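Colleague: Sharing structure-v8.txt below, compact mmCIF, C-alpha atoms:
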# COMPACT_ATOMS: atom_id res chain seq x y z
CA MET A 1 -9.44 8.63 22.53
CA SER A 2 -6.50 7.84 20.25
CA PRO A 3 -7.10 7.85 16.50
CA ALA A 4 -7.39 4.48 14.77
CA ALA A 5 -6.41 3.22 11.34
CA VAL A 6 -6.63 0.10 9.19
CA VAL A 7 -3.42 -0.77 7.34
CA THR A 8 -3.30 -3.54 4.71
CA GLY A 9 -0.13 -5.32 3.66
CA ALA A 10 0.95 -4.73 7.24
CA ALA A 11 3.19 -7.75 7.86
CA ARG A 12 6.33 -6.40 6.21
CA GLY A 13 7.82 -3.70 4.02
CA ILE A 14 6.13 -0.32 3.72
CA GLY A 15 2.98 -1.67 5.37
CA ALA A 16 4.81 -2.79 8.51
CA ALA A 17 6.81 0.45 8.59
CA THR A 18 3.52 2.38 8.34
CA VAL A 19 2.14 0.53 11.36
CA ASP A 20 5.30 1.46 13.26
CA ALA A 21 5.04 5.12 12.23
CA LEU A 22 1.36 5.44 13.10
CA VAL A 23 1.74 3.77 16.49
CA GLY A 24 4.71 6.01 17.18
CA ALA A 25 2.42 8.99 16.53
CA GLY A 26 -0.19 7.71 18.98
CA TRP A 27 -2.48 5.72 16.70
CA GLY A 28 -4.15 2.38 17.25
CA VAL A 29 -3.91 0.13 14.20
CA VAL A 30 -5.68 -2.90 12.77
CA ALA A 31 -2.83 -4.57 10.88
CA VAL A 32 -4.19 -6.60 7.96
CA ASP A 33 -2.32 -9.12 5.84
CA ILE A 34 -3.21 -12.22 3.85
CA VAL A 35 -0.22 -14.12 5.36
CA ALA A 36 -0.38 -16.70 2.56
CA ASP A 37 1.49 -17.15 -0.70
CA GLU A 38 0.03 -16.52 -4.16
CA PRO A 39 0.90 -19.29 -6.67
CA VAL A 40 1.16 -16.89 -9.62
CA LEU A 41 3.97 -14.94 -7.99
CA ASP A 42 7.61 -15.98 -8.01
CA TYR A 43 8.37 -14.84 -4.48
CA PRO A 44 6.93 -15.59 -1.03
CA LEU A 45 4.42 -13.27 0.61
CA ALA A 46 4.50 -12.41 4.30
CA SER A 47 3.81 -15.07 6.92
CA ARG A 48 1.80 -15.25 10.13
CA ALA A 49 5.10 -14.96 11.98
CA ASP A 50 5.86 -11.69 10.16
CA LEU A 51 2.48 -10.25 11.14
CA ALA A 52 2.89 -11.43 14.72
CA LYS A 53 6.26 -9.67 14.98
CA VAL A 54 4.64 -6.38 13.97
CA ALA A 55 2.01 -6.78 16.68
CA GLU A 56 4.55 -7.83 19.32
CA ARG A 57 6.40 -4.54 18.87
CA HIS A 58 3.36 -2.53 19.90
CA GLY A 59 1.25 -4.38 22.46
CA ASP A 60 -2.36 -3.25 22.72
CA ALA A 61 -1.88 -0.52 20.10
CA VAL A 62 -2.02 -3.09 17.30
CA VAL A 63 -4.65 -5.71 16.53
CA THR A 64 -3.92 -8.17 13.72
CA HIS A 65 -6.41 -9.35 11.14
CA GLU A 66 -5.73 -12.08 8.59
CA GLY A 67 -7.55 -10.95 5.49
CA ASP A 68 -7.31 -10.78 1.70
CA VAL A 69 -7.82 -7.36 0.09
CA ARG A 70 -9.40 -9.16 -2.86
CA ASN A 71 -12.28 -10.16 -0.57
CA PRO A 72 -14.66 -7.27 0.29
CA HIS A 73 -15.98 -9.21 3.29
CA ASP A 74 -12.47 -9.36 4.78
CA MET A 75 -12.13 -5.59 4.44
CA ARG A 76 -15.49 -5.00 6.12
CA ASP A 77 -14.39 -7.28 8.95
CA ALA A 78 -11.20 -5.25 9.40
CA VAL A 79 -13.24 -2.04 9.65
CA HIS A 80 -15.59 -3.66 12.15
CA GLN A 81 -12.57 -4.75 14.19
CA ALA A 82 -11.30 -1.17 14.31
CA LEU A 83 -14.68 0.16 15.37
CA THR A 84 -15.18 -2.41 18.10
CA HIS A 85 -11.61 -2.55 19.47
CA PHE A 86 -10.63 1.11 19.21
CA GLY A 87 -14.08 2.71 19.29
CA GLY A 88 -13.70 4.48 15.97
CA LEU A 89 -11.91 4.75 12.66
CA ASP A 90 -10.00 7.77 11.37
CA ALA A 91 -7.81 6.55 8.51
CA ALA A 92 -6.97 3.68 6.21
CA VAL A 93 -3.76 2.88 4.37
CA ALA A 94 -3.87 0.54 1.39
CA ALA A 95 -0.31 -0.76 1.40
CA ALA A 96 -0.99 -4.30 0.16
CA GLY A 97 0.58 -4.83 -3.23
CA VAL A 98 2.29 -7.41 -5.40
CA ILE A 99 4.62 -7.34 -8.39
CA SER A 100 5.16 -9.63 -11.35
CA GLY A 101 6.90 -9.07 -14.65
CA GLY A 102 9.37 -10.37 -17.18
CA PRO A 103 7.67 -10.62 -20.55
CA PRO A 104 6.60 -7.64 -22.67
CA LEU A 105 2.94 -6.64 -22.61
CA TRP A 106 1.92 -8.86 -25.52
CA GLU A 107 3.32 -11.93 -23.77
CA THR A 108 2.00 -11.11 -20.28
CA THR A 109 -0.28 -13.91 -19.14
CA ASP A 110 -3.85 -13.42 -17.99
CA ALA A 111 -2.85 -14.92 -14.64
CA GLN A 112 -0.14 -12.28 -14.11
CA TRP A 113 -2.40 -9.44 -15.21
CA ASP A 114 -5.33 -10.60 -13.11
CA VAL A 115 -3.46 -11.05 -9.82
CA LEU A 116 -1.82 -7.62 -10.13
CA PHE A 117 -5.10 -5.86 -10.81
CA ASP A 118 -7.03 -7.91 -8.25
CA VAL A 119 -4.59 -7.08 -5.44
CA ASN A 120 -3.20 -3.69 -6.44
CA VAL A 121 -6.39 -2.10 -7.79
CA ASN A 122 -9.41 -4.03 -6.58
CA GLY A 123 -7.76 -4.37 -3.19
CA VAL A 124 -7.65 -0.59 -2.85
CA ARG A 125 -11.23 -0.31 -4.07
CA HIS A 126 -12.47 -2.92 -1.59
CA LEU A 127 -10.73 -1.19 1.30
CA ALA A 128 -12.18 2.17 0.30
CA ALA A 129 -15.66 0.70 -0.07
CA ALA A 130 -15.43 -0.66 3.48
CA VAL A 131 -13.73 2.35 5.08
CA VAL A 132 -15.34 5.43 3.56
CA PRO A 133 -18.87 4.81 4.89
CA ALA A 134 -17.40 4.47 8.40
CA LEU A 135 -15.41 7.68 7.97
CA LEU A 136 -18.51 9.51 6.74
CA ARG A 137 -20.36 8.55 9.90
CA SER A 138 -17.91 10.65 11.94
CA PRO A 139 -19.34 13.97 13.10
CA VAL A 140 -18.53 17.19 11.29
CA PRO A 141 -15.90 18.60 11.15
CA ARG A 142 -14.23 15.41 9.91
CA GLN A 143 -10.55 14.68 9.39
CA GLY A 144 -10.74 11.24 7.79
CA ARG A 145 -7.82 10.03 5.71
CA PHE A 146 -7.36 7.43 2.97
CA VAL A 147 -3.87 6.77 1.60
CA ALA A 148 -2.92 4.24 -1.07
CA VAL A 149 0.59 3.07 -1.85
CA ALA A 150 1.08 3.37 -5.60
CA SER A 151 4.60 3.44 -7.06
CA ALA A 152 6.98 5.48 -9.14
CA ALA A 153 5.91 2.90 -11.74
CA GLY A 154 2.50 4.62 -11.62
CA LEU A 155 4.16 7.76 -12.96
CA LEU A 156 6.34 6.03 -15.56
CA GLY A 157 6.19 3.34 -18.20
CA LEU A 158 8.56 0.56 -17.18
CA ARG A 159 9.99 -2.05 -19.50
CA ARG A 160 8.96 -5.64 -18.69
CA LEU A 161 6.63 -4.48 -15.91
CA SER A 162 3.64 -3.44 -18.00
CA ALA A 163 0.93 -5.01 -15.82
CA TYR A 164 2.48 -3.70 -12.62
CA SER A 165 2.93 -0.21 -14.04
CA ALA A 166 -0.63 -0.17 -15.38
CA SER A 167 -2.03 -1.28 -12.03
CA LYS A 168 -0.17 1.47 -10.19
CA HIS A 169 -1.34 4.09 -12.70
CA ALA A 170 -4.84 2.85 -11.87
CA VAL A 171 -4.25 3.33 -8.14
CA ILE A 172 -3.36 6.98 -8.74
CA GLY A 173 -6.50 7.42 -10.81
CA LEU A 174 -8.59 5.81 -8.09
CA MET A 175 -7.24 8.18 -5.45
CA ARG A 176 -7.78 11.26 -7.60
CA SER A 177 -11.36 10.22 -8.29
CA LEU A 178 -11.99 9.24 -4.67
CA ALA A 179 -10.72 12.66 -3.58
CA ALA A 180 -13.21 14.25 -5.98
CA ASP A 181 -16.04 12.07 -4.68
CA LEU A 182 -15.15 13.13 -1.12
CA SER A 183 -15.16 16.83 -1.95
CA GLY A 184 -16.45 18.89 0.96
CA THR A 185 -16.58 15.99 3.43
CA GLY A 186 -13.32 16.74 5.25
CA ILE A 187 -11.96 13.35 4.20
CA THR A 188 -8.86 13.31 2.02
CA ALA A 189 -7.56 10.69 -0.39
CA ASN A 190 -3.98 10.55 -1.64
CA ALA A 191 -1.46 8.22 -3.25
CA VAL A 192 2.21 7.90 -2.39
CA CYS A 193 4.64 6.74 -5.05
CA PRO A 194 7.76 5.02 -3.70
CA GLY A 195 10.83 4.51 -5.82
CA SER A 196 13.22 1.59 -5.46
CA THR A 197 12.68 0.59 -1.85
CA ARG A 198 14.57 -2.14 -0.06
CA GLY A 199 12.52 -5.33 0.38
CA ILE A 200 11.24 -8.55 -1.16
CA MET A 201 9.40 -6.83 -4.02
CA LEU A 202 12.56 -5.04 -5.11
CA ASP A 203 14.41 -8.36 -4.97
CA ALA A 204 11.76 -9.75 -7.33
CA SER A 205 12.23 -6.78 -9.66
CA ALA A 206 15.97 -7.44 -9.77
CA VAL A 207 15.21 -10.95 -10.99
CA VAL A 208 12.97 -9.57 -13.75
CA TYR A 209 15.85 -7.45 -15.04
CA GLY A 210 18.55 -10.08 -14.48
CA LEU A 211 20.47 -7.90 -12.03
CA SER A 212 23.11 -9.39 -9.78
CA SER A 213 21.83 -7.28 -6.85
CA PRO A 214 18.89 -4.97 -6.11
CA GLU A 215 21.50 -2.35 -5.17
CA GLU A 216 21.90 -1.69 -8.90
CA PHE A 217 18.52 0.11 -8.85
CA ALA A 218 20.16 2.87 -6.81
CA THR A 219 21.71 4.25 -10.00
CA HIS A 220 18.23 5.35 -11.16
CA GLN A 221 17.67 7.62 -8.16
CA LEU A 222 19.24 11.02 -7.59
CA VAL A 223 20.00 10.13 -3.97
CA GLU A 224 22.16 7.30 -5.33
CA ARG A 225 20.92 4.77 -2.81
CA LEU A 226 17.93 2.54 -2.21
CA LEU A 227 15.12 3.90 -0.10
CA GLU A 228 14.03 2.37 3.19
CA PRO A 229 10.38 1.49 3.94
CA ASP A 230 10.25 3.90 6.85
CA GLU A 231 10.92 6.83 4.50
CA THR A 232 7.62 6.21 2.71
CA ALA A 233 5.93 5.42 6.02
CA ALA A 234 6.91 8.85 7.36
CA LEU A 235 5.03 10.54 4.51
CA ILE A 236 2.02 8.27 5.02
CA GLU A 237 1.92 9.09 8.72
CA TRP A 238 1.96 12.81 7.90
CA LEU A 239 -0.80 12.40 5.31
CA CYS A 240 -2.92 10.74 8.01
CA SER A 241 -2.36 13.64 10.41
CA PRO A 242 -4.47 16.78 10.87
CA ALA A 243 -1.58 18.80 9.44
CA ALA A 244 -2.21 17.28 5.98
CA GLY A 245 -5.81 18.44 5.69
CA GLY A 246 -5.02 20.64 2.69
CA VAL A 247 -3.59 17.78 0.62
CA THR A 248 -5.99 15.62 -1.37
CA GLY A 249 -6.05 14.03 -4.81
CA ALA A 250 -2.25 14.05 -4.87
CA ALA A 251 0.27 11.48 -6.09
CA LEU A 252 3.30 12.22 -3.95
CA PRO A 253 6.65 10.67 -4.91
CA VAL A 254 9.05 9.25 -2.35
CA ASP A 255 11.42 8.10 -5.01
CA GLY A 256 14.80 9.65 -4.36
CA GLY A 257 14.43 11.68 -7.55
CA MET A 258 13.65 8.69 -9.78
CA THR A 259 10.84 10.49 -11.64
CA THR A 260 12.54 13.85 -12.14
CA SER A 261 13.30 13.09 -15.77
Please go through the file and, once you have read it, give me the structure as structure tokens.
Modeller:
Amino acid sequence: MSPAAVVTGAARGIGAATVDALVGAGWGVVAVDIVADEPVLDYPLASRADLAKVAERHGDAVVTHEGDVRNPHDMRDAVHQALTHFGGLDAAVAAAGVISGGPPLWETTDAQWDVLFDVNVNGVRHLAAAVVPALLRSPVPRQGRFVAVASAAGLLGLRRLSAYSASKHAVIGLMRSLAADLSGTGITANAVCPGSTRGIMLDASAVVYGLSSPEEFATHQLVERLLEPDETAALIEWLCSPAAGGVTGAALPVDGGMTTS
């Protein structure tokens, strides 16, 4: 039986690239996305058409699920879908995330702060709360995996992105603590920390900083270019594999050298 995973934020960006990478490695995937806009944010979220395109690339290897990571019931439904459709669950990837910024911390609105923490932090917590009990039901020896997409912003303090940076620091703390809670179970928990990665969220960041193009972010990375979503997805796929069994509680950068200094 092929391994199965739940991936949130799966309709585009790193989430969609992660679905592609896992399926390419022989996984079945429940691809979860809210496919609806959030009024607090200044950019559009993924659509039903985006999620459908991900599924169309992979046939029976991908099942879609419209769900909100802020809703624990939706996450439990996604886990149930994996168990019933694929006959098991081996990994989960919390890739759903949003960004908002502009004002300094003392002028950040409650609405901005709340949506970032509800999606970026509580969304990871809700997925873990739904997934981990299912992973623990697997027979010993286990090889369960939980991976959360944090950010290089979770390793740095970024001007005019205080709420986003704080939420991504929290994701790293959640994964380190989850790894400790899972000690001895055979299940690992890790965070990946992408740098400036091509996509809608980077476009929104460019607006925050008044840049003429997101390409200007490339100057902050030693590779002197923007990263592609599939570069982070490749690390996530490896972290979900048996080969990564010795890695847990880590915050692994895929940032082109952004956090080296």
Colleague: Neighbouring residues of Val207 in chain A were defined as those with any atom within 12 Å, considering only C-alpha atoms; residues of the same chain fewer than 5 positions away were excluded. Please report them as a list in words.
Modeller: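 My list of contacting residues is Asp42, Tyr43, Ile99, Ser100, Gly101, Gly102, Arg160, Leu161, Ile200, Met201, Leu202, Ser212, Ser213, Pro214, Glu216 and Phe217 of chain A.
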Colleague: In Å, with one decimal, what is the gap from CA of Val98 in chain A to CA of His58 in chain A?
Modeller: 25.8 Å
Colleague: Looking at A:Ala5, A:Ala251, A:Ile14, A:Ala128, which one is nearest to Glu231 in chain A, with distances taken over all atoms listed in the file?
Modeller: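 Nearest candidate to Glu231 in chain A out of A:Ala5, A:Ala251, A:Ile14, A:Ala128: A:Ile14.
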Colleague: Using all atoms listed in the file, can you tell me which of A:Gly123, A:Gly144, A:Pro44, A:Gly154 comes closest to Ala92 in chain A?
Modeller: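 Looking only at the distances to Ala92 in chain A, the closest residue turns out to be A:Gly144.
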Colleague: Can you work out the spacing between CA of Val131 in chain A and CA of Ala36 in chain A in Å, to one decimal?
Modeller: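 We find that CA of Val131 in chain A and CA of Ala36 in chain A lie 23.4 Å from each other.
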Colleague: Quick one: everything within 10 Å of Asp118 in chain A, counting all atoms listed in the file, minus sequence neighbours fewer than 2 positions away in the same chain. Send it as number ranges by chain.
Modeller: A: 69-71, 97-98, 113-116, 120-126, 167
Colleague: Would you kindly return, as a ChimeraX atom specification, each protein, DNA or RNA residue with an atom no farther than 8 Å from any atom of Leu227 in chain A, considering only C-alpha atoms and excluding same-chain residues fewer than 2 positions away?
Modeller: /A:195-198,225,229,231,255-256
Colleague: Please work out which residues fall within 12 Å of (0.5, 6.3, 18.5), coordinates as given in the file, with only C-alpha atoms counting, and return them as a list in words.
Modeller: Met1, Ser2, Pro3, Ala4, Ala5, Thr18, Val19, Asp20, Ala21, Leu22, Val23, Gly24, Ala25, Gly26, Trp27, Gly28, Val29, His58, Gly59, Asp60, Ala61, Val62, Glu237, Cys240 and Ser241 of chain A
Colleague: How would you write as a compact mmCIF listing (two decimals) with C-alpha atoms, in the coordinates of the input the residues that get within 9 Å of (-0.4, 7.6, -3.1) in the file's frame, counting all atoms listed in the file?
Modeller:
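Done, and the output landed in result.txt:
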# COMPACT_ATOMS: atom_id res chain seq x y z
CA VAL A 147 -3.87 6.77 1.60
CA ALA A 148 -2.92 4.24 -1.07
CA VAL A 149 0.59 3.07 -1.85
CA ALA A 150 1.08 3.37 -5.60
CA SER A 151 4.60 3.44 -7.06
CA VAL A 171 -4.25 3.33 -8.14
CA ILE A 172 -3.36 6.98 -8.74
CA MET A 175 -7.24 8.18 -5.45
CA ALA A 189 -7.56 10.69 -0.39
CA ASN A 190 -3.98 10.55 -1.64
CA ALA A 191 -1.46 8.22 -3.25
CA VAL A 192 2.21 7.90 -2.39
CA CYS A 193 4.64 6.74 -5.05
CA PRO A 194 7.76 5.02 -3.70
CA ILE A 236 2.02 8.27 5.02
CA GLY A 249 -6.05 14.03 -4.81
CA ALA A 250 -2.25 14.05 -4.87
CA ALA A 251 0.27 11.48 -6.09
CA LEU A 252 3.30 12.22 -3.95
CA PRO A 253 6.65 10.67 -4.91
Colleague: Rounded to one decimal in Å, what is the spacing between CA of Gly157 in chain A and CA of Leu105 in chain A?
Modeller: 11.4 Å
Colleague: Around all the atoms of range 96-101 of chain A listed in the file, with 8 Å of room on each side, what axis-aligned box do you get, giving centre and edge lengths in Å to one decimal, as AutoDock Vina command-line options?
Modeller:
--center_x 3.0 --center_y -7.0 --center_z -7.2 --size_x 23.9 --size_y 21.3 --size_z 30.8
Colleague: A:Ala233, A:Ile187, A:Val54, A:Met258: which is nearest Gly246 in chain A, counting all atoms listed in the file?
Modeller: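 Checking each of A:Ala233, A:Ile187, A:Val54, A:Met258 against Gly246 in chain A, counting all atoms listed in the file, the winner is A:Ile187.
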Colleague: Name the residues in contact with Val63 in chain A at a cut-off of 10 Å, using all atoms listed in the file, excluding same-chain residues fewer than 6 positions from it; report them as a ChimeraX atom specification.
Modeller: /A:6,28-32,52,54-56,78,81-82,85-86
Colleague: Measuring atom to atom with all atoms listed in the file, identify which of A:Leu235, A:Leu156, A:Ala166, A:Leu182 is nearest to Thr259 in chain A.
Modeller: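 Result for the nearest residue to Thr259 in chain A: A:Leu156.
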Colleague: With all heavy atoms as the target, complete range 86-97 of chain A and hand it back as a JSON list (two decimals), keeping the file's coordinate frame.
Modeller:
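Saved file part_33.json follows:
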[["chain", "number", "residue", "atom", "x", "y", "z"],
["A", 86, "PHE", "N", -11.15, -0.22, 18.91],
["A", 86, "PHE", "CA", -10.63, 1.11, 19.21],
["A", 86, "PHE", "C", -11.73, 2.16, 19.39],
["A", 86, "PHE", "O", -11.44, 3.29, 19.76],
["A", 86, "PHE", "CB", -9.68, 1.57, 18.10],
["A", 86, "PHE", "CG", -8.43, 0.73, 17.99],
["A", 86, "PHE", "CD1", -8.20, -0.07, 16.88],
["A", 86, "PHE", "CD2", -7.48, 0.74, 19.00],
["A", 86, "PHE", "CE1", -7.05, -0.84, 16.78],
["A", 86, "PHE", "CE2", -6.32, -0.03, 18.92],
["A", 86, "PHE", "CZ", -6.11, -0.82, 17.80],
["A", 87, "GLY", "N", -12.97, 1.79, 19.10],
["A", 87, "GLY", "CA", -14.08, 2.71, 19.29],
["A", 87, "GLY", "C", -14.27, 3.72, 18.19],
["A", 87, "GLY", "O", -15.07, 4.66, 18.32],
["A", 88, "GLY", "N", -13.56, 3.55, 17.08],
["A", 88, "GLY", "CA", -13.70, 4.48, 15.97],
["A", 88, "GLY", "C", -12.73, 4.16, 14.86],
["A", 88, "GLY", "O", -11.93, 3.22, 14.97],
["A", 89, "LEU", "N", -12.82, 4.92, 13.79],
["A", 89, "LEU", "CA", -11.91, 4.75, 12.66],
["A", 89, "LEU", "C", -11.65, 6.12, 12.05],
["A", 89, "LEU", "O", -12.60, 6.86, 11.77],
["A", 89, "LEU", "CB", -12.50, 3.80, 11.61],
["A", 89, "LEU", "CG", -11.63, 3.51, 10.38],
["A", 89, "LEU", "CD1", -10.34, 2.81, 10.80],
["A", 89, "LEU", "CD2", -12.38, 2.66, 9.37],
["A", 90, "ASP", "N", -10.38, 6.45, 11.85],
["A", 90, "ASP", "CA", -10.00, 7.77, 11.37],
["A", 90, "ASP", "C", -9.22, 7.74, 10.06],
["A", 90, "ASP", "O", -9.14, 8.77, 9.38],
["A", 90, "ASP", "CB", -9.16, 8.47, 12.44],
["A", 90, "ASP", "CG", -9.89, 8.55, 13.77],
["A", 90, "ASP", "OD1", -10.70, 9.48, 13.93],
["A", 90, "ASP", "OD2", -9.66, 7.67, 14.62],
["A", 91, "ALA", "N", -8.64, 6.60, 9.72],
["A", 91, "ALA", "CA", -7.81, 6.55, 8.51],
["A", 91, "ALA", "C", -7.67, 5.11, 8.04],
["A", 91, "ALA", "O", -7.86, 4.15, 8.80],
["A", 91, "ALA", "CB", -6.43, 7.14, 8.77],
["A", 92, "ALA", "N", -7.31, 4.99, 6.77],
["A", 92, "ALA", "CA", -6.97, 3.68, 6.21],
["A", 92, "ALA", "C", -5.80, 3.85, 5.26],
["A", 92, "ALA", "O", -5.70, 4.87, 4.55],
["A", 92, "ALA", "CB", -8.16, 3.07, 5.48],
["A", 93, "VAL", "N", -4.92, 2.87, 5.26],
["A", 93, "VAL", "CA", -3.76, 2.88, 4.37],
["A", 93, "VAL", "C", -3.75, 1.58, 3.58],
["A", 93, "VAL", "O", -3.65, 0.49, 4.15],
["A", 93, "VAL", "CB", -2.44, 3.01, 5.16],
["A", 93, "VAL", "CG1", -1.25, 2.99, 4.21],
["A", 93, "VAL", "CG2", -2.45, 4.28, 6.01],
["A", 94, "ALA", "N", -3.89, 1.70, 2.27],
["A", 94, "ALA", "CA", -3.87, 0.54, 1.39],
["A", 94, "ALA", "C", -2.44, 0.30, 0.93],
["A", 94, "ALA", "O", -1.99, 0.84, -0.09],
["A", 94, "ALA", "CB", -4.79, 0.78, 0.19],
["A", 95, "ALA", "N", -1.72, -0.49, 1.71],
["A", 95, "ALA", "CA", -0.31, -0.76, 1.40],
["A", 95, "ALA", "C", -0.10, -2.14, 0.80],
["A", 95, "ALA", "O", 1.03, -2.46, 0.39],
["A", 95, "ALA", "CB", 0.54, -0.61, 2.66],
["A", 96, "ALA", "N", -1.13, -2.97, 0.75],
["A", 96, "ALA", "CA", -0.99, -4.30, 0.16],
["A", 96, "ALA", "C", -0.73, -4.18, -1.33],
["A", 96, "ALA", "O", -1.44, -3.45, -2.03],
["A", 96, "ALA", "CB", -2.24, -5.13, 0.42],
["A", 97, "GLY", "N", 0.28, -4.86, -1.81],
["A", 97, "GLY", "CA", 0.58, -4.83, -3.23],
["A", 97, "GLY", "C", 1.50, -5.96, -3.62],
["A", 97, "GLY", "O", 2.25, -6.49, -2.77]]
